[in-house]
file run_10.tsv (TSV, C-alpha atoms and all ligand atoms)
chain	number	residue	atom	x	y	z
S	1	MET	CA	356.90	173.02	109.31
S	2	LEU	CA	356.13	176.72	109.40
S	3	ASP	CA	352.96	178.03	107.76
S	4	TYR	CA	354.40	181.51	107.58
S	5	ASP	CA	356.18	182.91	104.51
S	6	LEU	CA	357.30	186.42	105.37
S	7	HIS	CA	359.55	187.30	102.42
S	8	CYS	CA	358.65	187.18	98.72
S	9	HIS	CA	358.45	189.34	95.62
S	10	SER	CA	355.86	190.22	93.00
S	11	ASN	CA	356.34	191.96	89.66
S	12	ILE	CA	356.01	195.29	91.49
S	13	SER	CA	359.73	194.70	92.11
S	14	ASP	CA	361.74	191.84	90.61
S	15	GLY	CA	359.38	188.91	90.97
S	16	THR	CA	357.68	187.48	87.89
S	17	LEU	CA	354.12	186.97	89.24
S	18	THR	CA	351.50	189.65	89.86
S	19	PRO	CA	350.57	190.14	93.53
S	20	SER	CA	347.34	188.15	92.95
S	21	GLU	CA	349.15	185.28	91.21
S	22	LEU	CA	351.70	185.19	93.99
S	23	VAL	CA	349.03	184.96	96.69
S	24	ALA	CA	347.18	182.23	94.77
S	25	ARG	CA	350.38	180.20	94.53
S	26	ALA	CA	351.10	180.70	98.24
S	27	ALA	CA	347.58	179.51	99.10
S	28	GLU	CA	347.93	176.41	96.88
S	29	ARG	CA	351.22	175.58	98.53
S	30	GLY	CA	349.89	175.68	102.09
S	31	VAL	CA	350.96	179.11	103.33
S	32	LYS	CA	348.63	180.42	106.04
S	33	VAL	CA	350.27	183.77	106.75
S	34	LEU	CA	351.98	185.67	103.94
S	35	ALA	CA	353.92	188.93	103.81
S	36	LEU	CA	354.65	190.50	100.42
S	37	THR	CA	358.04	192.24	100.67
S	38	ASP	CA	358.80	193.91	97.37
S	39	HIS	CA	362.06	195.83	97.07
S	40	ASP	CA	361.67	199.52	97.95
S	41	ASP	CA	358.02	199.67	96.82
S	42	MET	CA	354.66	199.05	98.51
S	43	ASP	CA	352.37	199.32	95.47
S	44	GLY	CA	351.51	195.60	95.43
S	45	LEU	CA	350.11	195.47	98.96
S	46	ASP	CA	346.48	196.40	98.28
S	47	GLU	CA	346.08	193.85	95.49
S	48	ALA	CA	347.84	191.15	97.53
S	49	ARG	CA	345.72	191.84	100.62
S	50	ALA	CA	342.49	191.59	98.60
S	51	ALA	CA	343.65	188.32	97.01
S	52	ALA	CA	344.67	186.96	100.42
S	53	ALA	CA	341.16	187.62	101.78
S	54	GLN	CA	339.70	185.66	98.84
S	55	HIS	CA	342.03	182.73	99.36
S	56	GLY	CA	341.65	182.62	103.14
S	57	LEU	CA	345.20	183.68	103.97
S	58	ALA	CA	346.24	186.12	106.68
S	59	PHE	CA	348.27	188.89	105.09
S	60	ILE	CA	350.98	191.15	106.49
S	61	ASN	CA	352.07	194.35	104.77
S	62	GLY	CA	355.78	194.13	104.05
S	63	VAL	CA	358.66	195.75	102.20
S	64	GLU	CA	362.37	195.00	101.67
S	65	ILE	CA	364.48	198.14	101.86
S	66	SER	CA	367.86	198.40	100.12
S	67	VAL	CA	370.47	199.75	102.53
S	68	THR	CA	374.12	200.72	102.19
S	69	TRP	CA	376.08	199.87	105.33
S	70	ARG	CA	379.77	200.73	105.06
S	71	THR	CA	380.78	199.21	101.70
S	72	HIS	CA	378.05	196.56	101.79
S	73	THR	CA	374.52	196.42	100.42
S	74	VAL	CA	372.20	194.85	102.98
S	75	HIS	CA	368.44	194.42	102.97
S	76	VAL	CA	366.07	195.25	105.82
S	77	VAL	CA	362.57	193.78	105.73
S	78	GLY	CA	359.72	195.70	107.36
S	79	LEU	CA	356.73	193.63	108.55
S	80	GLY	CA	353.39	195.07	109.61
S	81	ILE	CA	354.24	198.46	108.14
S	82	ASP	CA	351.73	201.19	107.36
S	83	PRO	CA	352.26	202.12	103.68
S	84	VAL	CA	350.73	205.57	104.04
S	85	TYR	CA	353.14	206.66	106.81
S	86	PRO	CA	354.78	209.64	105.06
S	87	PRO	CA	358.43	209.15	106.15
S	88	LEU	CA	358.27	205.53	104.90
S	89	ALA	CA	356.54	206.40	101.61
S	90	ASP	CA	358.84	209.38	100.99
S	91	GLY	CA	361.94	207.48	102.05
S	92	LEU	CA	361.18	204.65	99.61
S	93	HIS	CA	360.48	207.17	96.89
S	94	SER	CA	363.98	208.56	97.36
S	95	VAL	CA	365.53	205.07	97.43
S	96	ARG	CA	363.80	204.21	94.13
S	97	SER	CA	364.75	207.44	92.45
S	98	GLY	CA	368.38	206.44	91.84
S	99	ARG	CA	367.51	203.22	90.04
S	100	GLY	CA	367.04	204.71	86.56
S	101	GLU	CA	370.45	206.34	86.43
S	102	ARG	CA	372.10	203.28	87.91
S	103	ALA	CA	370.48	201.16	85.18
S	104	ARG	CA	371.86	203.45	82.47
S	105	LYS	CA	375.35	203.16	83.99
S	106	MET	CA	375.04	199.38	84.20
S	107	ALA	CA	374.10	199.22	80.53
S	108	ASP	CA	377.06	201.49	79.67
S	109	GLU	CA	379.41	199.20	81.59
S	110	LEU	CA	378.06	196.14	79.81
S	111	ALA	CA	378.39	197.90	76.45
S	112	LYS	CA	382.07	198.53	77.26
S	113	ALA	CA	382.37	194.79	77.84
S	114	GLY	CA	380.89	194.21	74.36
S	115	ILE	CA	377.26	193.55	75.31
S	116	GLY	CA	374.91	196.09	73.75
S	117	GLY	CA	371.18	196.79	73.81
S	118	VAL	CA	370.82	195.80	77.44
S	119	LEU	CA	368.99	198.84	78.80
S	120	GLN	CA	366.00	198.39	76.54
S	121	GLY	CA	366.11	194.66	77.07
S	122	ALA	CA	366.12	195.01	80.86
S	123	TYR	CA	363.23	197.49	80.89
S	124	HIS	CA	361.24	194.99	78.87
S	125	TYR	CA	361.31	192.74	81.97
S	126	ALA	CA	360.54	195.55	84.45
S	127	GLU	CA	356.77	195.58	84.87
S	128	ASN	CA	357.28	198.56	87.18
S	129	PRO	CA	359.93	200.73	85.49
S	130	ASN	CA	360.57	202.66	88.74
S	131	LEU	CA	361.97	199.49	90.18
S	132	ILE	CA	364.41	198.54	87.43
S	133	GLY	CA	367.07	196.33	89.01
S	134	ARG	CA	369.74	193.76	88.44
S	135	THR	CA	367.31	190.85	88.15
S	136	HIS	CA	365.70	192.46	85.09
S	137	PHE	CA	369.16	192.83	83.56
S	138	ALA	CA	369.88	189.21	84.41
S	139	ARG	CA	366.69	187.98	82.70
S	140	TYR	CA	367.58	189.86	79.56
S	141	LEU	CA	371.15	188.53	79.56
S	142	VAL	CA	369.70	185.01	79.70
S	143	GLU	CA	367.25	185.77	76.88
S	144	ALA	CA	370.10	187.19	74.76
S	145	GLY	CA	372.06	183.96	75.25
S	146	HIS	CA	374.91	185.30	77.41
S	147	CYS	CA	374.17	182.92	80.29
S	148	LYS	CA	372.05	179.82	80.80
S	149	ASP	CA	370.10	181.12	83.78
S	150	VAL	CA	369.72	184.06	86.17
S	151	LYS	CA	371.95	182.43	88.79
S	152	SER	CA	374.85	182.16	86.34
S	153	VAL	CA	374.44	185.81	85.35
S	154	PHE	CA	375.16	186.76	88.98
S	155	SER	CA	378.38	184.77	88.94
S	156	ARG	CA	379.72	186.41	85.76
S	157	TYR	CA	378.13	189.86	85.64
S	158	LEU	CA	376.49	192.57	87.77
S	159	VAL	CA	378.41	191.84	91.01
S	160	LYS	CA	381.46	193.57	92.51
S	161	GLY	CA	384.49	193.07	90.28
S	162	LYS	CA	382.47	191.85	87.26
S	163	PRO	CA	381.20	193.65	84.13
S	164	GLY	CA	378.01	195.63	84.66
S	165	TYR	CA	378.51	196.28	88.37
S	166	VAL	CA	377.82	199.86	89.41
S	167	PRO	CA	378.28	200.87	93.05
S	168	HIS	CA	375.22	202.58	94.46
S	169	GLN	CA	374.25	204.47	97.59
S	170	TRP	CA	371.01	203.12	99.06
S	171	ALA	CA	369.26	204.15	102.29
S	172	ALA	CA	371.17	204.52	105.55
S	173	LEU	CA	370.57	201.65	108.01
S	174	ALA	CA	369.21	203.93	110.75
S	175	ASP	CA	366.82	205.62	108.30
S	176	ALA	CA	365.40	202.35	106.98
S	177	VAL	CA	364.83	201.05	110.51
S	178	SER	CA	363.23	204.29	111.66
S	179	TRP	CA	360.86	204.44	108.66
S	180	ILE	CA	359.71	200.89	109.44
S	181	ARG	CA	359.44	201.35	113.20
S	182	GLY	CA	357.79	204.75	112.87
S	183	SER	CA	355.08	203.22	110.68
S	184	GLY	CA	354.35	200.60	113.34
S	185	GLY	CA	356.31	197.79	111.71
S	186	VAL	CA	358.98	195.35	112.84
S	187	ALA	CA	362.47	195.73	111.32
S	188	VAL	CA	364.06	192.43	110.25
S	189	MET	CA	367.62	191.90	108.99
S	190	ALA	CA	367.09	189.99	105.73
S	191	HIS	CA	369.10	186.88	104.71
S	192	PRO	CA	372.27	187.71	106.69
S	193	GLY	CA	374.00	184.60	105.36
S	194	ARG	CA	374.21	186.25	101.95
S	195	TYR	CA	376.45	188.98	103.33
S	196	MET	CA	378.99	186.43	104.50
S	197	SER	CA	379.56	184.65	101.21
S	198	GLY	CA	381.04	185.73	97.91
S	199	ARG	CA	383.49	188.41	96.87
S	200	LYS	CA	384.33	191.09	99.42
S	201	SER	CA	381.84	189.58	101.84
S	202	MET	CA	381.57	190.40	105.53
S	203	GLY	CA	383.58	188.49	108.08
S	204	LYS	CA	382.26	187.56	111.50
S	205	GLN	CA	383.53	190.77	113.05
S	206	ALA	CA	381.67	192.94	110.53
S	207	MET	CA	378.50	190.85	111.02
S	208	HIS	CA	378.72	191.51	114.76
S	209	GLN	CA	379.14	195.20	114.13
S	210	LEU	CA	376.26	195.26	111.65
S	211	LEU	CA	373.92	193.54	114.11
S	212	SER	CA	375.05	195.76	117.00
S	213	GLU	CA	374.24	198.86	114.95
S	214	PHE	CA	370.98	197.34	113.75
S	215	VAL	CA	369.86	196.69	117.33
S	216	ALA	CA	371.08	200.10	118.50
S	217	CYS	CA	368.92	201.85	115.91
S	218	GLY	CA	365.82	199.77	116.66
S	219	GLY	CA	366.16	196.53	114.67
S	220	GLN	CA	364.17	193.73	116.30
S	221	ALA	CA	364.46	190.54	114.23
S	222	ILE	CA	366.65	188.53	111.88
S	223	GLU	CA	365.86	186.01	109.16
S	224	VAL	CA	366.94	182.59	110.35
S	225	VAL	CA	365.06	180.29	107.97
S	226	SER	CA	365.51	181.87	104.53
S	227	GLY	CA	365.49	180.57	100.98
S	228	SER	CA	368.99	182.08	100.80
S	229	HIS	CA	370.29	180.04	103.77
S	230	THR	CA	371.61	176.53	104.12
S	231	PRO	CA	370.39	174.44	107.10
S	232	GLU	CA	373.77	175.12	108.76
S	233	GLN	CA	373.03	178.82	108.43
S	234	TYR	CA	369.64	178.35	110.14
S	235	ALA	CA	371.60	177.22	113.19
S	236	GLU	CA	374.28	179.89	112.80
S	237	PHE	CA	371.78	182.75	112.64
S	238	ALA	CA	369.66	181.30	115.43
S	239	ARG	CA	372.82	181.71	117.54
S	240	TYR	CA	373.20	185.33	116.38
S	241	ALA	CA	369.53	185.89	117.23
S	242	ALA	CA	370.10	184.62	120.76
S	243	GLU	CA	373.29	186.67	121.15
S	244	PHE	CA	371.64	189.91	120.00
S	245	ASN	CA	368.24	189.16	121.56
S	246	LEU	CA	366.54	189.33	118.14
S	247	MET	CA	363.29	187.66	117.16
S	248	CYS	CA	363.46	185.17	114.28
S	249	SER	CA	361.78	185.40	110.89
S	250	CYS	CA	361.33	183.01	108.00
S	251	GLY	CA	360.71	183.53	104.30
S	252	SER	CA	361.31	181.88	100.96
S	253	ASP	CA	362.51	185.07	99.16
S	254	PHE	CA	360.59	183.63	96.20
S	255	HIS	CA	360.91	185.60	92.95
S	256	GLY	CA	359.27	183.31	90.40
S	257	PRO	CA	358.70	179.73	89.29
S	258	GLY	CA	361.93	178.13	88.13
S	259	GLU	CA	364.08	181.01	89.30
S	260	SER	CA	364.29	180.84	93.07
S	261	TYR	CA	366.11	178.36	95.26
S	262	ARG	CA	363.00	177.86	97.35
S	263	ASP	CA	359.38	178.09	96.27
S	264	LEU	CA	356.66	179.72	98.29
S	265	GLY	CA	355.33	177.41	100.91
S	266	ARG	CA	355.95	175.78	104.17
S	267	LEU	CA	359.46	176.28	105.46
S	268	PRO	CA	361.48	174.12	107.85
S	269	ASP	CA	361.00	174.74	111.58
S	270	PHE	CA	363.17	177.21	113.42
S	271	PRO	CA	365.99	175.75	115.49
S	272	LEU	CA	364.99	175.28	119.13
S	273	GLY	CA	364.88	178.43	121.23
S	274	CYS	CA	363.99	180.87	118.44
S	275	ARG	CA	361.41	183.50	119.32
S	276	PRO	CA	359.18	183.93	116.22
S	277	VAL	CA	358.79	187.45	114.92
S	278	TRP	CA	355.01	187.08	114.54
S	279	GLN	CA	354.65	187.20	118.30
S	280	ALA	CA	355.46	190.91	118.02
S	281	ILE	CA	352.98	191.60	115.25
S	282	PRO	CA	349.69	192.73	116.79
S	283	LEU	CA	346.84	190.35	116.05
S	284	SER	CA	344.89	193.25	114.57
S	285	VAL	CA	347.58	193.44	111.85
S	286	LEU	CA	347.55	189.69	111.26
S	287	ILE	CA	343.79	189.39	110.92
S	288	SER	CA	342.37	191.28	107.99
S	289	GLU	CA	338.77	192.50	108.11
S	290	ASN	CA	337.20	189.53	106.36
S	291	GLY	CA	340.23	187.30	106.42
S	292	PRO	CA	340.93	184.26	108.61
S	293	SER	CA	342.80	184.03	111.89
S	294	PRO	CA	346.48	183.12	111.79
S	295	PRO	CA	347.42	179.62	113.01
S	296	ASP	CA	347.21	179.31	116.79
S	297	PRO	CA	350.78	179.32	118.09
S	298	LEU	CA	349.80	176.59	120.59
S	299	SER	CA	348.12	174.26	118.10
S	300	GLU	CA	349.45	170.78	117.33
S	301	THR	CA	350.44	171.70	113.80
S	302	THR	CA	352.64	174.56	114.88
S	303	SER	CA	356.36	174.05	115.35
S	304	HIS	CA	357.77	172.81	118.62
S	305	SER	CA	359.96	175.88	119.00
S	306	THR	CA	356.91	178.13	118.64
S	307	ARG	CA	355.18	176.26	121.43
S	308	LEU	CA	358.03	177.10	123.78
S	309	GLN	CA	357.21	180.76	123.50
S	310	GLU	CA	355.06	182.74	125.86
S	311	THR	CA	351.68	183.26	124.31
S	312	ALA	CA	351.32	186.47	126.26
S	313	ALA	CA	353.79	188.01	123.84
S	314	LYS	CA	351.30	187.45	120.98
S	315	SER	CA	349.78	190.85	121.30
S	316	LEU	CA	352.93	192.66	122.32
S	317	VAL	CA	352.68	196.29	121.40
S	318	ILE	CA	355.76	197.58	119.67
S	319	PRO	CA	356.95	200.96	120.92
S	320	PRO	CA	357.66	203.55	118.24
S	321	ALA	CA	361.23	203.91	116.94
S	322	GLY	CA	363.63	205.48	119.36
S	323	GLU	CA	361.87	204.37	122.52
S	324	GLY	CA	363.32	201.54	124.53
S	325	SER	CA	365.92	200.61	121.93
J	1	LIG	P1	369.19	195.26	92.94
J	1	LIG	O1	368.29	195.68	94.07
J	1	LIG	O2	368.81	195.87	91.64
J	1	LIG	O3	370.64	195.42	93.28
J	1	LIG	O4	368.93	193.70	92.74
J	1	LIG	C1	369.08	192.83	93.81
J	1	LIG	C2	368.39	191.52	93.44
J	1	LIG	O5	369.21	190.78	92.56
J	1	LIG	C3	368.20	190.62	94.63
J	1	LIG	O6	367.04	190.96	95.34
J	1	LIG	C4	368.05	189.29	93.96
J	1	LIG	O7	366.73	189.16	93.46
J	1	LIG	C5	368.98	189.41	92.78
J	1	LIG	N1	370.28	188.77	93.08
J	1	LIG	C6	371.36	189.31	93.66
J	1	LIG	N2	372.36	188.41	93.75
J	1	LIG	C7	371.88	187.25	93.21
J	1	LIG	C8	372.40	185.94	92.99
J	1	LIG	N3	373.67	185.64	93.35
J	1	LIG	N4	371.61	185.03	92.41
J	1	LIG	C9	370.35	185.33	92.03
J	1	LIG	N5	369.80	186.54	92.21
J	1	LIG	C10	370.55	187.49	92.79
J	2	MN	MN	365.15	190.51	94.35
J	3	MN	MN	367.17	190.67	99.51
J	4	MN	MN	364.03	189.55	98.77
call {"tool": "encode", "arguments": {"input": "run_10.tsv", "output": "structure tokens", "more": "lines below"}}
Ligand code: AMP
Ligand code: MN
Ligand code: MN
Ligand code: MN
result
Amino acid sequence: MLDYDLHCHSNISDGTLTPSELVARAAERGVKVLALTDHDDMDGLDEARAAAAQHGLAFINGVEISVTWRTHTVHVVGLGIDPVYPPLADGLHSVRSGRGERARKMADELAKAGIGGVLQGAYHYAENPNLIGRTHFARYLVEAGHCKDVKSVFSRYLVKGKPGYVPHQWAALADAVSWIRGSGGVAVMAHPGRYMSGRKSMGKQAMHQLLSEFVACGGQAIEVVSGSHTPEQYAEFARYAAEFNLMCSCGSDFHGPGESYRDLGRLPDFPLGCRPVWQAIPLSVLISENGPSPPDPLSETTSHSTRLQETAAKSLVIPPAGEGS
């Protein structure tokens, strides 16, 4: 089992728990190293880091950036980022800025389909109004009795071809990767399995092209064990990782109790041969000032695939974006 959960959300984006509540839940459920990865916003990191120190967790600054690649929306997670790095902070500001107008258009589209009052209802669920998103709409549509749960909203509304869907231009892939790398972070392709299922999803050829471009612009890792993946997909994306020489990441993508497929907590081991992404995160980033050390990658409780890795890589220094990639 992996003690690392490197993908989750607080109410700074579309999670339901505050950063402190989220960290407390992670601690209770056995997580030893946590990254908070809110969508397009880093405002929860300070609170989460302070809570992590209290609970004895190692904490990694994270973010999940919304990207438009060709006709697809994909997400790129940044781990070990520096939130005050101006291109990253400014870039995320510009990504967030379109969300208000998009929300108004989504509400207009739903009104045309006969569902009114949604804009106000959705904002009621957005603790951080700058980050209004589809999940807040989904929660309101459940409350108003249009669907039984958030998952069913996303099968009937808010997705391509369904009422309430509004196409949107997010960050460019190369920009998102360079903001992350430039700030000292590792760029991770989030939940790739999600891009290969559903309406107008990517085929294998497009996935190859996406990963080629991602690597060419400095992407270094891919989520293999994800709350959005089936066990078959763990194996599938471990193969992609090997093919593209990417490190492997793991995260629940937890959004809130009762809402997510997978809760915070220990995740299944990587398939054999995976190179864990934390080997590229400098120890100085993993260990907070008064926080604990991360689990020793050679200890008995750590996964077998981790043990296969070279410990020398633990303190690997990541070159800035553009160099060596
Ligand atoms: P947005 O960034 O506003 O487009 O919202 C994207 C968020 O919607 C994702 O991060 C998920 O939290 C949620 N979401 C998208 N598709 C689904 C789905 N099929 N089931 C549940 N949640 C979804
Ligand atoms: Mn989300
Ligand atoms: Mn995502
Ligand atoms: Mn996520």
call {"tool": "residues_near_ligand", "arguments": {"input": "run_10.tsv", "ligand": "ligand MN 2 (chain J)", "cutoff": "7 Å", "atoms": "only C-alpha atoms and all ligand atoms", "output": "NGL selection string"}}
result
:S and (9 or 14-15 or 39 or 135 or 255)
call {"tool": "residues_near_ligand", "arguments": {"input": "run_10.tsv", "ligand": "ligand MN 3 (chain J)", "cutoff": "8 Å", "atoms": "all atoms listed in the file", "output": "MDAnalysis selection string"}}
result
chainID S and resid 39 64 66 74:76 190:191 253
call {"tool": "closest_atom_pairs", "arguments": {"input": "run_10.tsv", "of": "chain S", "to": "ligand MN 4 (chain J)", "cutoff": "12 Å", "atoms": "all atoms listed in the file", "output": "tab-separated table"}}
result
residue	atom	partner	partner_atom	distance
S:Asp5	CA	J:MN4	MN	11.8
S:Leu6	CA	J:MN4	MN	9.9
S:His7	CA	J:MN4	MN	6.2
S:Cys8	CA	J:MN4	MN	5.9
S:His9	CA	J:MN4	MN	6.4
S:Ser10	CA	J:MN4	MN	10.0
S:Ser13	CA	J:MN4	MN	9.5
S:Asp14	CA	J:MN4	MN	8.8
S:Gly15	CA	J:MN4	MN	9.1
S:Ala35	CA	J:MN4	MN	11.3
S:Leu36	CA	J:MN4	MN	9.6
S:Thr37	CA	J:MN4	MN	6.8
S:Asp38	CA	J:MN4	MN	7.0
S:His39	CA	J:MN4	MN	6.8
S:Asp40	CA	J:MN4	MN	10.3
S:Asp41	CA	J:MN4	MN	11.9
S:Gly62	CA	J:MN4	MN	10.8
S:Val63	CA	J:MN4	MN	8.9
S:Glu64	CA	J:MN4	MN	6.4
S:Ile65	CA	J:MN4	MN	9.1
S:Ser66	CA	J:MN4	MN	9.7
S:Val74	CA	J:MN4	MN	10.6
S:His75	CA	J:MN4	MN	7.8
S:Val76	CA	J:MN4	MN	9.3
S:Val77	CA	J:MN4	MN	8.3
S:Gly78	CA	J:MN4	MN	11.4
S:Thr135	CA	J:MN4	MN	11.2
S:Val188	CA	J:MN4	MN	11.8
S:Met189	CA	J:MN4	MN	11.1
S:Ala190	CA	J:MN4	MN	7.6
S:His191	CA	J:MN4	MN	8.3
S:Pro192	CA	J:MN4	MN	11.6
S:Arg194	CA	J:MN4	MN	11.2
S:Glu223	CA	J:MN4	MN	11.1
S:Ser226	CA	J:MN4	MN	9.7
S:Gly227	CA	J:MN4	MN	9.4
S:Ser228	CA	J:MN4	MN	9.2
S:Cys250	CA	J:MN4	MN	11.6
S:Gly251	CA	J:MN4	MN	8.8
S:Ser252	CA	J:MN4	MN	8.4
S:Asp253	CA	J:MN4	MN	4.7
S:Phe254	CA	J:MN4	MN	7.3
S:His255	CA	J:MN4	MN	7.7
S:Gly256	CA	J:MN4	MN	11.5
S:Ser260	CA	J:MN4	MN	10.4
S:Tyr261	CA	J:MN4	MN	11.9
S:Arg262	CA	J:MN4	MN	11.8
call {"tool": "atom_distance", "arguments": {"input": "run_10.tsv", "atom1": "atom CA of S:Gln205", "atom2": "atom CA of S:Ala241"}}
result
15.4 Å
call {"tool": "residues_near_ligand", "arguments": {"input": "run_10.tsv", "ligand": "ligand LIG 1 (chain J)", "cutoff": "6 Å", "atoms": "all atoms listed in the file", "output": "list in words"}}
result
Gly133, Arg134, Thr135, Lys151 and Phe154 of chain S
call {"tool": "residues_around", "arguments": {"input": "run_10.tsv", "residues": "S:Arg104", "least_positions_apart": "2", "cutoff": "12 Å", "atoms": "all atoms listed in the file", "output": "number ranges by chain"}}
result
S: 98-102, 106-111, 116-123, 132-134, 137, 164-166
call {"tool": "atom_distance", "arguments": {"input": "run_10.tsv", "atom1": "atom CA of S:Val215", "atom2": "atom CA of S:Cys248"}}
result
13.5 Å
